[in-house]
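Data from structure12.tsv: TSV, C-alpha atoms and all ligand atoms
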chain	number	residue	atom	x	y	z
W	370	MET	CA	-18.43	0.69	-11.81
W	371	VAL	CA	-17.44	3.74	-13.82
W	372	LEU	CA	-14.12	3.30	-15.55
W	373	ILE	CA	-12.46	6.47	-16.70
W	374	ARG	CA	-9.19	6.98	-18.49
W	375	VAL	CA	-7.47	10.24	-17.78
W	376	PRO	CA	-4.19	11.61	-19.15
W	377	LYS	CA	-1.22	10.22	-17.29
W	378	ILE	CA	1.57	12.35	-15.97
W	379	TRP	CA	3.86	11.25	-18.77
W	380	ASN	CA	1.43	12.44	-21.45
W	381	VAL	CA	1.84	16.03	-20.32
W	382	ALA	CA	4.89	18.14	-21.11
W	383	ASP	CA	7.02	18.77	-18.03
W	384	SER	CA	6.74	22.50	-18.49
W	385	GLN	CA	2.94	22.43	-18.33
W	386	VAL	CA	2.50	21.50	-14.69
W	387	THR	CA	4.38	20.14	-11.74
W	388	SER	CA	3.63	16.52	-10.98
W	389	GLU	CA	1.85	17.39	-7.76
W	390	ASN	CA	-0.35	19.92	-9.53
W	391	LEU	CA	-1.23	17.46	-12.19
W	392	TYR	CA	-2.20	14.92	-9.60
W	393	TRP	CA	-4.59	17.31	-7.90
W	394	ASN	CA	-5.98	18.43	-11.22
W	395	ARG	CA	-6.54	14.87	-12.21
W	396	ARG	CA	-8.46	14.19	-9.02
W	397	GLN	CA	-10.62	17.19	-9.77
W	398	PHE	CA	-11.08	15.88	-13.29
W	399	ILE	CA	-12.22	12.47	-12.10
W	400	LYS	CA	-14.68	14.00	-9.65
W	401	THR	CA	-16.06	16.31	-12.33
W	402	LEU	CA	-16.67	13.45	-14.72
W	403	ILE	CA	-18.37	11.37	-12.06
W	404	GLY	CA	-20.36	14.35	-10.80
W	405	ALA	CA	-21.54	15.21	-14.28
W	406	GLY	CA	-22.54	11.59	-14.86
W	407	ILE	CA	-20.76	11.52	-18.17
W	408	GLY	CA	-21.36	8.12	-19.72
W	409	ALA	CA	-19.02	5.63	-21.27
W	410	SER	CA	-19.76	6.87	-24.78
W	411	VAL	CA	-17.67	10.01	-24.38
W	412	MET	CA	-14.91	8.36	-22.40
W	413	PRO	CA	-12.63	7.78	-25.39
W	414	LEU	CA	-12.34	11.56	-25.68
W	415	ALA	CA	-10.74	11.66	-22.29
W	416	GLY	CA	-8.30	8.94	-23.29
W	417	CYS	CA	-4.97	10.27	-24.39
W	418	GLN	CA	-3.36	8.52	-27.31
W	419	ASN	CA	0.27	8.43	-26.38
W	420	THR	CA	2.33	9.45	-29.40
W	421	SER	CA	5.40	10.29	-27.35
W	422	ASP	CA	6.59	6.69	-26.89
W	423	ILE	CA	9.12	7.18	-29.69
W	424	GLY	CA	12.55	7.67	-28.21
W	425	LYS	CA	11.56	6.27	-24.84
W	426	SER	CA	13.62	3.49	-23.36
W	427	ALA	CA	12.06	0.05	-23.12
W	428	SER	CA	12.11	0.29	-19.35
W	429	GLU	CA	10.35	3.67	-19.38
W	430	THR	CA	7.61	2.17	-21.54
W	431	ALA	CA	7.36	-0.89	-19.28
W	432	LEU	CA	7.08	1.32	-16.19
W	433	GLU	CA	4.28	3.33	-17.75
W	434	LYS	CA	2.49	0.14	-18.71
W	435	SER	CA	2.77	-1.13	-15.12
W	436	LEU	CA	1.13	2.08	-13.82
W	437	ASN	CA	-1.40	2.70	-16.59
W	438	LEU	CA	-4.32	0.84	-15.00
W	439	PRO	CA	-8.11	1.20	-14.96
W	440	SER	CA	-9.35	4.13	-12.91
W	441	ILE	CA	-11.46	3.47	-9.84
W	442	SER	CA	-14.43	5.51	-8.66
W	443	TYR	CA	-14.19	6.52	-5.04
W	444	THR	CA	-15.13	9.26	-2.62
W	445	THR	CA	-12.71	11.50	-0.81
W	446	ASN	CA	-12.70	11.47	2.95
W	447	PRO	CA	-12.11	15.07	4.09
W	448	ALA	CA	-10.38	13.84	7.25
W	449	PHE	CA	-7.66	12.24	5.09
W	450	ALA	CA	-7.52	14.52	2.04
W	451	LYS	CA	-3.96	15.67	2.71
W	452	VAL	CA	-1.10	15.73	5.20
W	453	SER	CA	1.52	18.37	5.94
W	454	ARG	CA	3.96	16.96	3.34
W	455	PRO	CA	3.41	16.60	-0.44
W	456	ILE	CA	2.35	13.43	-2.26
W	457	ALA	CA	5.15	11.50	-3.98
W	458	ASP	CA	5.39	11.46	-7.75
W	459	GLU	CA	3.63	8.36	-9.05
W	460	LYS	CA	6.61	7.16	-11.09
W	461	VAL	CA	9.03	7.65	-8.21
W	462	ALA	CA	6.76	5.65	-5.88
W	463	GLY	CA	6.27	3.04	-8.61
W	464	GLN	CA	9.97	2.26	-8.94
W	465	TYR	CA	11.14	2.49	-5.34
W	466	ASN	CA	9.59	-0.52	-3.62
W	467	ASN	CA	10.17	-3.29	-1.15
W	468	PHE	CA	8.73	-6.62	-2.28
W	469	TYR	CA	11.13	-9.39	-1.34
W	470	GLU	CA	9.18	-12.07	-3.20
W	471	TYR	CA	10.59	-10.43	-6.36
W	472	GLY	CA	14.08	-9.47	-5.20
W	473	GLY	CA	16.12	-7.86	-2.47
W	474	THR	CA	16.62	-4.36	-3.92
W	475	LYS	CA	14.36	-1.32	-4.29
W	476	LYS	CA	14.30	-1.91	-8.08
W	477	ILE	CA	11.87	-4.81	-8.20
W	478	TRP	CA	9.04	-3.07	-10.06
W	479	LEU	CA	9.79	-4.91	-13.31
W	480	ASP	CA	10.22	-8.34	-11.70
W	481	ALA	CA	6.99	-7.80	-9.74
W	482	GLN	CA	5.09	-7.75	-13.05
W	483	LYS	CA	5.27	-11.58	-12.83
W	484	LEU	CA	2.63	-11.47	-10.09
W	485	PRO	CA	-0.49	-13.17	-11.52
W	486	THR	CA	-3.51	-11.11	-10.42
W	487	GLU	CA	-6.21	-12.81	-12.53
W	488	ASN	CA	-9.12	-14.45	-10.65
W	489	TRP	CA	-7.76	-13.25	-7.32
W	490	GLN	CA	-9.50	-14.43	-4.18
W	491	VAL	CA	-9.14	-13.44	-0.55
W	492	GLU	CA	-10.09	-16.07	2.02
W	493	VAL	CA	-11.35	-14.70	5.34
W	494	ALA	CA	-11.29	-17.46	7.92
W	495	GLY	CA	-10.65	-18.45	11.51
W	496	LEU	CA	-12.62	-17.25	14.54
W	497	VAL	CA	-15.47	-15.50	12.68
W	498	LYS	CA	-19.22	-16.08	12.43
W	499	ASN	CA	-19.29	-15.52	8.65
W	500	PRO	CA	-16.18	-16.98	7.00
W	501	ARG	CA	-16.09	-16.08	3.33
W	502	THR	CA	-13.91	-16.13	0.24
W	503	TYR	CA	-14.20	-12.88	-1.70
W	504	THR	CA	-13.27	-12.18	-5.30
W	505	ILE	CA	-11.60	-8.85	-5.88
W	506	ASP	CA	-14.69	-7.58	-7.71
W	507	GLU	CA	-16.86	-8.49	-4.73
W	508	ILE	CA	-14.51	-6.60	-2.43
W	509	LYS	CA	-14.62	-3.51	-4.66
W	510	GLN	CA	-18.42	-3.67	-4.87
W	511	GLU	CA	-19.28	-4.48	-1.27
W	512	PHE	CA	-16.97	-2.07	0.52
W	513	PRO	CA	-17.37	1.65	-0.25
W	514	LEU	CA	-14.04	2.87	-1.63
W	515	GLU	CA	-12.48	6.13	-0.52
W	516	GLU	CA	-9.18	7.87	-1.01
W	517	ARG	CA	-6.84	8.44	1.92
W	518	VAL	CA	-3.64	10.41	1.70
W	519	TYR	CA	-1.39	8.83	4.33
W	520	ARG	CA	2.18	9.25	5.45
W	521	PHE	CA	4.20	6.08	4.79
W	522	ARG	CA	7.33	5.31	6.83
W	523	CYS	CA	9.65	2.37	6.17
W	524	VAL	CA	11.71	0.96	9.05
W	525	GLU	CA	14.76	1.70	6.85
W	526	ALA	CA	14.12	5.42	7.58
W	527	TRP	CA	12.75	6.56	4.22
W	528	SER	CA	9.26	7.96	3.85
W	529	MET	CA	6.73	9.17	1.30
W	530	VAL	CA	3.16	10.43	1.22
W	531	LEU	CA	0.86	8.21	-0.83
W	532	PRO	CA	-2.78	8.55	-2.01
W	533	TRP	CA	-4.31	5.12	-1.37
W	534	ILE	CA	-7.81	4.06	-2.43
W	535	GLY	CA	-9.55	1.37	-0.43
W	536	PHE	CA	-11.63	0.85	2.68
W	537	PRO	CA	-11.11	0.72	6.45
W	538	MET	CA	-10.37	-2.77	7.78
W	539	LYS	CA	-13.10	-2.30	10.39
W	540	GLU	CA	-15.63	-2.74	7.54
W	541	LEU	CA	-14.33	-6.27	6.96
W	542	ILE	CA	-14.55	-6.94	10.70
W	543	ALA	CA	-18.21	-5.86	10.60
W	544	ALA	CA	-18.90	-8.15	7.63
W	545	VAL	CA	-17.35	-11.35	9.01
W	546	GLU	CA	-18.13	-10.81	12.74
W	547	PRO	CA	-15.20	-12.20	14.71
W	548	THR	CA	-16.13	-14.26	17.75
W	549	SER	CA	-15.15	-13.12	21.25
W	550	LYS	CA	-12.19	-15.54	21.13
W	551	ALA	CA	-10.53	-13.64	18.26
W	552	LYS	CA	-7.65	-11.55	19.63
W	553	PHE	CA	-5.22	-11.38	16.67
W	554	VAL	CA	-5.38	-11.32	12.89
W	555	ASN	CA	-2.89	-12.86	10.48
W	556	PHE	CA	-2.56	-11.61	6.89
W	557	THR	CA	-0.86	-13.78	4.24
W	558	SER	CA	0.68	-12.59	0.96
W	559	PHE	CA	0.60	-14.47	-2.33
W	560	TYR	CA	3.38	-17.05	-2.56
W	561	ASP	CA	4.25	-19.51	-5.31
W	562	GLU	CA	7.86	-20.66	-5.32
W	563	ASP	CA	7.95	-20.81	-9.12
W	564	ILE	CA	6.96	-17.14	-9.41
W	565	THR	CA	8.03	-15.46	-6.18
W	566	THR	CA	11.63	-16.52	-6.46
W	567	GLY	CA	12.81	-14.09	-3.78
W	568	PRO	CA	16.12	-12.29	-3.31
W	569	SER	CA	19.33	-14.07	-4.27
W	570	PHE	CA	20.60	-13.95	-0.68
W	571	HIS	CA	19.28	-16.50	1.85
W	572	LEU	CA	17.23	-18.04	-0.91
W	573	GLY	CA	15.03	-20.78	0.46
W	574	SER	CA	15.83	-20.07	4.08
W	575	LEU	CA	13.35	-17.23	4.46
W	576	PRO	CA	10.03	-17.85	6.26
W	577	TRP	CA	7.70	-17.67	3.23
W	578	PRO	CA	4.94	-16.85	2.68
W	579	TYR	CA	5.21	-13.23	3.84
W	580	THR	CA	2.75	-12.77	6.69
W	581	GLU	CA	1.91	-9.92	9.02
W	582	GLY	CA	-0.25	-9.64	12.11
W	583	LEU	CA	-2.21	-7.14	14.15
W	584	ARG	CA	-4.09	-7.19	17.42
W	585	ILE	CA	-7.80	-7.11	16.62
W	586	GLU	CA	-8.13	-3.69	18.31
W	587	GLU	CA	-5.45	-2.36	15.97
W	588	MET	CA	-7.30	-3.74	12.96
W	589	ALA	CA	-10.53	-2.13	14.24
W	590	ASN	CA	-8.89	1.30	14.47
W	591	GLU	CA	-10.17	3.95	12.05
W	592	LEU	CA	-6.80	4.17	10.24
W	593	ALA	CA	-6.11	0.49	9.43
W	594	PHE	CA	-6.85	0.24	5.71
W	595	PHE	CA	-7.01	-2.21	2.83
W	596	ALA	CA	-5.83	-0.54	-0.39
W	597	VAL	CA	-7.08	-1.73	-3.77
W	598	GLY	CA	-5.83	1.35	-5.60
W	599	ILE	CA	-3.45	4.30	-5.59
W	600	TYR	CA	-3.21	7.54	-7.65
W	601	GLY	CA	-6.80	7.18	-8.82
W	602	HIS	CA	-6.46	3.71	-10.34
W	603	ASP	CA	-6.04	0.02	-9.54
W	604	LEU	CA	-3.01	-0.95	-7.47
W	605	PRO	CA	0.10	-1.61	-9.59
W	606	LYS	CA	1.73	-5.00	-9.03
W	607	GLN	CA	4.84	-3.45	-7.47
W	608	HIS	CA	2.65	-1.85	-4.76
W	609	GLY	CA	1.03	-5.19	-3.89
W	610	ALA	CA	-1.87	-5.69	-6.32
W	611	PRO	CA	-4.71	-6.33	-6.12
W	612	ILE	CA	-5.14	-5.71	-2.37
W	613	ARG	CA	-2.63	-4.84	0.36
W	614	MET	CA	-2.59	-3.63	3.96
W	615	VAL	CA	-1.80	0.01	4.84
W	616	ILE	CA	-1.13	0.65	8.53
W	617	PRO	CA	0.13	4.24	8.53
W	618	TRP	CA	1.24	4.52	12.17
W	619	LYS	CA	3.48	1.44	11.90
W	620	TYR	CA	6.63	0.77	9.88
W	621	GLY	CA	5.98	-0.18	6.26
W	622	PHE	CA	6.84	-3.86	6.71
W	623	LYS	CA	3.61	-4.30	8.74
W	624	GLY	CA	1.65	-3.62	5.52
W	625	ALA	CA	1.70	-6.98	3.73
W	626	LYS	CA	1.11	-6.84	-0.03
W	627	SER	CA	-0.98	-9.01	-2.38
W	628	ILE	CA	-3.17	-10.47	0.38
W	629	VAL	CA	-4.69	-13.92	-0.20
W	630	LYS	CA	-5.79	-14.78	3.33
W	631	VAL	CA	-7.01	-12.99	6.47
W	632	GLU	CA	-7.32	-15.23	9.51
W	633	PHE	CA	-8.73	-14.35	12.94
W	634	LEU	CA	-6.85	-16.09	15.76
W	635	GLU	CA	-6.70	-16.48	19.50
W	636	LYS	CA	-2.87	-16.29	19.75
W	637	GLN	CA	-0.34	-13.86	18.31
W	638	PRO	CA	0.84	-15.29	14.97
W	639	ALA	CA	4.47	-15.65	13.89
W	640	THR	CA	5.23	-13.03	11.23
W	641	TYR	CA	7.83	-12.81	8.47
W	642	TRP	CA	10.26	-10.12	9.67
W	643	ASN	CA	9.75	-10.90	13.33
W	644	THR	CA	10.72	-14.52	12.60
W	645	ILE	CA	13.82	-13.39	10.67
W	646	ASP	CA	15.00	-11.07	13.49
W	647	SER	CA	12.71	-10.21	16.40
W	648	ARG	CA	15.19	-7.68	17.84
W	649	GLU	CA	15.20	-5.61	14.65
W	650	TYR	CA	11.52	-6.06	13.70
W	651	ASP	CA	9.24	-6.25	16.71
W	652	PHE	CA	5.63	-7.36	16.32
W	653	GLU	CA	4.21	-3.96	17.32
W	654	ALA	CA	6.52	-1.88	15.08
W	655	ASN	CA	4.93	1.49	15.79
W	656	VAL	CA	6.85	4.41	14.25
W	657	ASN	CA	8.85	5.86	17.13
W	658	PRO	CA	11.59	8.51	16.76
W	659	ASP	CA	12.84	7.79	20.29
W	660	LYS	CA	13.40	4.06	19.79
W	661	PRO	CA	16.39	3.47	17.49
W	662	HIS	CA	16.60	0.43	15.28
W	663	PRO	CA	19.57	-1.66	16.53
W	664	ARG	CA	21.56	-0.51	13.47
W	665	TRP	CA	20.37	3.09	12.93
W	666	SER	CA	18.55	6.03	14.49
W	667	GLN	CA	14.84	6.53	13.80
W	668	ALA	CA	14.86	10.21	14.87
W	669	THR	CA	14.87	11.47	11.27
W	670	GLU	CA	13.88	10.09	7.89
W	671	LYS	CA	14.72	10.53	4.21
W	672	PHE	CA	11.50	12.06	2.93
W	673	ILE	CA	11.09	11.26	-0.75
W	674	SER	CA	10.04	14.50	-2.36
W	675	THR	CA	7.67	14.98	-5.23
W	676	GLY	CA	10.00	14.20	-8.12
W	677	PRO	CA	10.13	13.93	-11.09
W	678	GLY	CA	13.36	12.06	-10.25
W	679	LEU	CA	14.22	10.31	-6.99
W	680	SER	CA	15.39	12.87	-4.41
W	681	TRP	CA	14.90	13.34	-0.71
W	682	GLU	CA	15.14	15.75	2.19
W	683	ILE	CA	15.96	14.83	5.77
W	684	LYS	CA	12.90	15.44	7.96
W	685	GLU	CA	11.93	14.70	11.54
W	686	THR	CA	10.13	11.45	12.34
W	687	PHE	CA	6.81	11.83	14.13
W	688	PRO	CA	5.67	9.54	16.98
W	689	TYR	CA	3.14	7.09	15.52
W	690	ASN	CA	4.11	8.65	12.18
W	691	GLY	CA	1.91	11.65	13.06
W	692	TYR	CA	-1.19	9.58	13.92
W	693	GLY	CA	-1.00	9.64	17.73
W	694	GLU	CA	-4.41	11.27	18.09
W	695	TYR	CA	-5.98	8.23	16.40
W	696	VAL	CA	-3.95	5.39	17.86
W	697	GLY	CA	-2.22	6.60	21.04
W	698	SER	CA	-4.99	5.18	23.23
W	699	LEU	CA	-4.27	1.66	21.90
W	700	TYR	CA	-0.88	1.69	23.63
W	701	THR	CA	-1.41	3.16	27.09
E	1	LIG	N1	4.39	-9.41	0.62
E	1	LIG	C1	5.20	-8.40	0.94
E	1	LIG	N2	4.67	-7.30	1.51
E	1	LIG	C2	5.49	-6.26	1.84
E	1	LIG	C3	6.89	-6.32	1.64
E	1	LIG	C4	7.41	-7.50	1.05
E	1	LIG	O1	8.63	-7.65	0.83
E	1	LIG	N3	6.54	-8.51	0.70
E	1	LIG	N4	7.70	-5.27	2.03
E	1	LIG	C5	7.16	-4.39	3.06
E	1	LIG	C6	7.98	-3.20	3.26
E	1	LIG	S1	9.43	-3.40	4.11
E	1	LIG	C7	7.59	-1.96	2.84
E	1	LIG	S2	8.47	-0.58	3.24
E	1	LIG	C8	6.38	-1.81	2.02
E	1	LIG	C9	6.72	-1.10	0.71
E	1	LIG	O2	5.55	-0.76	0.00
E	1	LIG	P1	5.65	-0.01	-1.40
E	1	LIG	O3	6.66	-0.74	-2.22
E	1	LIG	O4	4.29	-0.06	-2.00
E	1	LIG	O5	6.10	1.39	-1.09
E	1	LIG	O6	5.74	-3.04	1.70
E	1	LIG	C10	5.72	-3.99	2.76
E	1	LIG	N5	4.93	-5.13	2.38
E	2	MO	MO	10.03	-1.28	4.81
As structure tokens, what does this structure read like?
Ligand SMILES: Nc1nc2c(c(=O)[nH]1)N[C@H]1C(S)=C(S)[C@@H](COP(=O)(O)O)O[C@H]1N2
Ligand SMILES: [Mo]
Amino acid sequence: MVLIRVPKIWNVADSQVTSENLYWNRRQFIKTLIGAGIGASVMPLAGCQNTSDIGKSASETALEKSLNLPSISYTTNPAFAKVSRPIADEKVAGQYNNFYEYGGTKKIWLDAQKLPTENWQVEVAGLVKNPRTYTIDEIKQEFPLEERVYRFRCVEAWSMVLPWIGFPMKELIAAVEPTSKAKFVNFTSFYDEDITTGPSFHLGSLPWPYTEGLRIEEMANELAFFAVGIYGHDLPKQHGAPIRMVIPWKYGFKGAKSIVKVEFLEKQPATYWNTIDSREYDFEANVNPDKPHPRWSQATEKFISTGPGLSWEIKETFPYNGYGEYVGSLYT
């Protein structure tokens, strides 16, 4: 595994480049280094000693630390290299999250740093011929990693475009070989009541651990993805390190973070939000502009623009979040 350090957005003067430009340049930079086969001995040259910490707030420094993670080598899949809207600024995406294990607001990035990611394992079990427990390193080595720029749409009607790195879920299906009885898949997030203390409201009454489910045909679709990285590097804790689901045609809550177990089942599993309120969070949860949430319209969304600060524009919502050509046939 080639590990490369590249200058981070915050090491570059604002006037030099826009954040989006820098992101694309950085991708180019990573590809060039890999392509040229430059070895580890020259890597320190590419590392940027950050002398601009002076005068930064403690929280700014902590945010940078949470995002400043080892780079991953990956290929780009031309089919998913971009979408019609621009990629969110990394720091905006990294401090606007939903992760209820660490609190009930969008500002949980700092509390999420409590997540212990060392010696992570993912158990794959249930109705499969080859049950197996993977370490994160095994996952990164055995499944070819690629980058996919996907639209991301939360049920709360905000959206972003994010550059995930990971592998299609169908590759895991091929590895573990579900039996013909397997019709559904349940995904479980990390939970430890001493660490994942949850939001202050309803404390204790929520159906932990966070779980999500798919029909096996949905999991086998080209788009269903496990992310182990984002923005060229490992997944930050606030985004669900070290491995999370990304299901781009469904509302964001279907994408469980920090996965510890994947279980193949005969029956549809109970899931976290659906258990809390099945009227507001249905099991299917496909993005649909014509089907309002009981408390708000889904016809438009607050699209989080590229930054540097948090700002948004109101944009139309697309059926299946713009992925109907891939998934429409699953729902006829
Ligand atoms: N374990 C877990 N996974 C979760 C959540 C959560 O609270 N806990 N929130 C979901 C919701 S509602 C959204 S919108 C996305 C947010 O992902 P992001 O913070 O990486 O943008 O994560 C989803 N996965
Ligand atoms: Mo969400």
With ligand LIG 1 (chain E) as the partner and 6 Å as the cut-off, tabulate the residues of chain W that qualify, each row holding the nearest pair of atoms and their distance in Å to one decimal, using only C-alpha atoms and all ligand atoms, sorted by chain and rising number, as CSV.
residue,atom,partner,partner_atom,distance
W:Asn466,CA,E:LIG1,O3,3.3
W:Asn467,CA,E:LIG1,O3,4.5
W:Phe468,CA,E:LIG1,O1,3.3
W:Tyr469,CA,E:LIG1,O1,3.7
W:Glu470,CA,E:LIG1,N3,5.9
W:Cys523,CA,E:LIG1,S2,4.3
W:Ser558,CA,E:LIG1,N1,4.9
W:Tyr579,CA,E:LIG1,N1,5.1
W:His608,CA,E:LIG1,O4,3.7
W:Gly621,CA,E:LIG1,S2,3.9
W:Phe622,CA,E:LIG1,C6,3.7
W:Gly624,CA,E:LIG1,N5,4.8
W:Ala625,CA,E:LIG1,N2,3.7
W:Lys626,CA,E:LIG1,N2,3.9
Write out as a short mmCIF file (atom, residue, chain, number, x, y, z; two decimals) with C-alpha atoms, in the frame of the given file the residues lying within 7 Å of region 488-502 of chain W, counting all atoms listed in the file and excluding same-chain residues fewer than 3 positions away.
data_model
loop_
_atom_site.label_atom_id
_atom_site.label_comp_id
_atom_site.auth_asym_id
_atom_site.auth_seq_id
_atom_site.Cartn_x
_atom_site.Cartn_y
_atom_site.Cartn_z
CA ILE W 505 -11.60 -8.85 -5.88
CA VAL W 545 -17.35 -11.35 9.01
CA GLU W 546 -18.13 -10.81 12.74
CA PRO W 547 -15.20 -12.20 14.71
CA THR W 548 -16.13 -14.26 17.75
CA LYS W 550 -12.19 -15.54 21.13
CA ALA W 551 -10.53 -13.64 18.26
CA ILE W 628 -3.17 -10.47 0.38
CA VAL W 629 -4.69 -13.92 -0.20
CA LYS W 630 -5.79 -14.78 3.33
CA VAL W 631 -7.01 -12.99 6.47
CA GLU W 632 -7.32 -15.23 9.51
CA PHE W 633 -8.73 -14.35 12.94
CA LEU W 634 -6.85 -16.09 15.76
#
- Task: Have a look at CA of Ala457 (chain W) and CA of Ile599 (chain W) and let me know their distance in Å, one decimal.
- Result: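 Here the two named atoms are 11.3 Å from each other.
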- Message: Just want the 9 Å neighbourhood of Pro568 (chain W), counted on all atoms listed in the file, with same-chain residues fewer than 4 positions away dropped. Output as an MDAnalysis selection string.
- Response: chainID W and resid 469:474 572
- Query: Neighbours of Lys552 (chain W) within 9 Å (all atoms listed in the file; same-chain residues fewer than 3 positions away dropped), as an MDAnalysis selection string?
  - Reply: chainID W and resid 549 583:586 633:637
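Atom to atom, CA of Ile534 (chain W) and CA of Tyr443 (chain W) stand 7.3 Å apart.
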- Give me, please, the distance in Å between CA of Ala427 (chain W) and CA of Lys460 (chain W), quoted to one decimal. 15.0 Å
- Task: Tell me, as a PyMOL selection string, which residues lie within 7 Å of region 610-617 of chain W, counting all atoms listed in the file; anything in the same chain fewer than 6 positions away does not count.
- Result: chain W and resi 486+519-521+592-597+604+623-628+690
Could I get region 519-541 of chain W rebuilt with N, CA and C atoms, written as a PDB file, in the frame of the given file?
ATOM      1  N   TYR W 519      -2.044   9.228   3.080  1.00  0.00           N
ATOM      2  CA  TYR W 519      -1.390   8.830   4.330  1.00  0.00           C
ATOM      3  C   TYR W 519       0.119   9.030   4.241  1.00  0.00           C
ATOM      4  N   ARG W 520       0.730   9.353   5.354  1.00  0.00           N
ATOM      5  CA  ARG W 520       2.180   9.250   5.450  1.00  0.00           C
ATOM      6  C   ARG W 520       2.564   7.774   5.459  1.00  0.00           C
ATOM      7  N   PHE W 521       3.714   7.462   4.856  1.00  0.00           N
ATOM      8  CA  PHE W 521       4.200   6.080   4.790  1.00  0.00           C
ATOM      9  C   PHE W 521       5.650   6.091   5.247  1.00  0.00           C
ATOM     10  N   ARG W 522       5.987   5.273   6.239  1.00  0.00           N
ATOM     11  CA  ARG W 522       7.330   5.310   6.830  1.00  0.00           C
ATOM     12  C   ARG W 522       7.907   3.907   6.895  1.00  0.00           C
ATOM     13  N   CYS W 523       8.975   3.672   6.129  1.00  0.00           N
ATOM     14  CA  CYS W 523       9.650   2.370   6.170  1.00  0.00           C
ATOM     15  C   CYS W 523      10.600   2.330   7.359  1.00  0.00           C
ATOM     16  N   VAL W 524      10.793   1.150   7.919  1.00  0.00           N
ATOM     17  CA  VAL W 524      11.710   0.960   9.050  1.00  0.00           C
ATOM     18  C   VAL W 524      13.144   1.337   8.656  1.00  0.00           C
ATOM     19  N   GLU W 525      13.425   1.315   7.335  1.00  0.00           N
ATOM     20  CA  GLU W 525      14.760   1.700   6.850  1.00  0.00           C
ATOM     21  C   GLU W 525      14.963   3.218   6.845  1.00  0.00           C
ATOM     22  N   ALA W 526      14.018   3.957   7.401  1.00  0.00           N
ATOM     23  CA  ALA W 526      14.120   5.420   7.580  1.00  0.00           C
ATOM     24  C   ALA W 526      13.983   6.221   6.288  1.00  0.00           C
ATOM     25  N   TRP W 527      13.189   5.704   5.329  1.00  0.00           N
ATOM     26  CA  TRP W 527      12.750   6.560   4.220  1.00  0.00           C
ATOM     27  C   TRP W 527      11.230   6.683   4.317  1.00  0.00           C
ATOM     28  N   SER W 528      10.705   7.743   3.736  1.00  0.00           N
ATOM     29  CA  SER W 528       9.260   7.960   3.850  1.00  0.00           C
ATOM     30  C   SER W 528       8.734   8.653   2.604  1.00  0.00           C
ATOM     31  N   MET W 529       7.428   8.525   2.421  1.00  0.00           N
ATOM     32  CA  MET W 529       6.730   9.170   1.300  1.00  0.00           C
ATOM     33  C   MET W 529       5.329   9.507   1.806  1.00  0.00           C
ATOM     34  N   VAL W 530       4.598  10.270   1.002  1.00  0.00           N
ATOM     35  CA  VAL W 530       3.160  10.430   1.220  1.00  0.00           C
ATOM     36  C   VAL W 530       2.475   9.823   0.003  1.00  0.00           C
ATOM     37  N   LEU W 531       1.491   8.951   0.263  1.00  0.00           N
ATOM     38  CA  LEU W 531       0.860   8.210  -0.830  1.00  0.00           C
ATOM     39  C   LEU W 531      -0.663   8.308  -0.768  1.00  0.00           C
ATOM     40  N   PRO W 532      -1.316   8.425  -1.942  1.00  0.00           N
ATOM     41  CA  PRO W 532      -2.780   8.550  -2.010  1.00  0.00           C
ATOM     42  C   PRO W 532      -3.451   7.201  -2.278  1.00  0.00           C
ATOM     43  N   TRP W 533      -3.714   6.458  -1.215  1.00  0.00           N
ATOM     44  CA  TRP W 533      -4.310   5.120  -1.370  1.00  0.00           C
ATOM     45  C   TRP W 533      -5.804   5.224  -1.654  1.00  0.00           C
ATOM     46  N   ILE W 534      -6.355   4.203  -2.306  1.00  0.00           N
ATOM     47  CA  ILE W 534      -7.810   4.060  -2.430  1.00  0.00           C
ATOM     48  C   ILE W 534      -8.164   2.680  -1.884  1.00  0.00           C
ATOM     49  N   GLY W 535      -9.163   2.649  -1.019  1.00  0.00           N
ATOM     50  CA  GLY W 535      -9.550   1.370  -0.430  1.00  0.00           C
ATOM     51  C   GLY W 535     -10.627   1.575   0.611  1.00  0.00           C
ATOM     52  N   PHE W 536     -10.572   0.767   1.670  1.00  0.00           N
ATOM     53  CA  PHE W 536     -11.630   0.850   2.680  1.00  0.00           C
ATOM     54  C   PHE W 536     -11.039   0.476   4.041  1.00  0.00           C
ATOM     55  N   PRO W 537     -11.637   1.028   5.120  1.00  0.00           N
ATOM     56  CA  PRO W 537     -11.110   0.720   6.450  1.00  0.00           C
ATOM     57  C   PRO W 537     -11.304  -0.759   6.777  1.00  0.00           C
ATOM     58  N   MET W 538     -10.305  -1.346   7.413  1.00  0.00           N
ATOM     59  CA  MET W 538     -10.370  -2.770   7.780  1.00  0.00           C
ATOM     60  C   MET W 538     -11.536  -3.065   8.710  1.00  0.00           C
ATOM     61  N   LYS W 539     -11.986  -2.048   9.464  1.00  0.00           N
ATOM     62  CA  LYS W 539     -13.100  -2.300  10.390  1.00  0.00           C
ATOM     63  C   LYS W 539     -14.368  -2.703   9.631  1.00  0.00           C
ATOM     64  N   GLU W 540     -14.466  -2.328   8.347  1.00  0.00           N
ATOM     65  CA  GLU W 540     -15.630  -2.740   7.540  1.00  0.00           C
ATOM     66  C   GLU W 540     -15.606  -4.249   7.293  1.00  0.00           C
ATOM     67  N   LEU W 541     -14.421  -4.807   7.129  1.00  0.00           N
ATOM     68  CA  LEU W 541     -14.330  -6.270   6.960  1.00  0.00           C
ATOM     69  C   LEU W 541     -14.674  -6.963   8.280  1.00  0.00           C
TER      70      LEU W 541
END
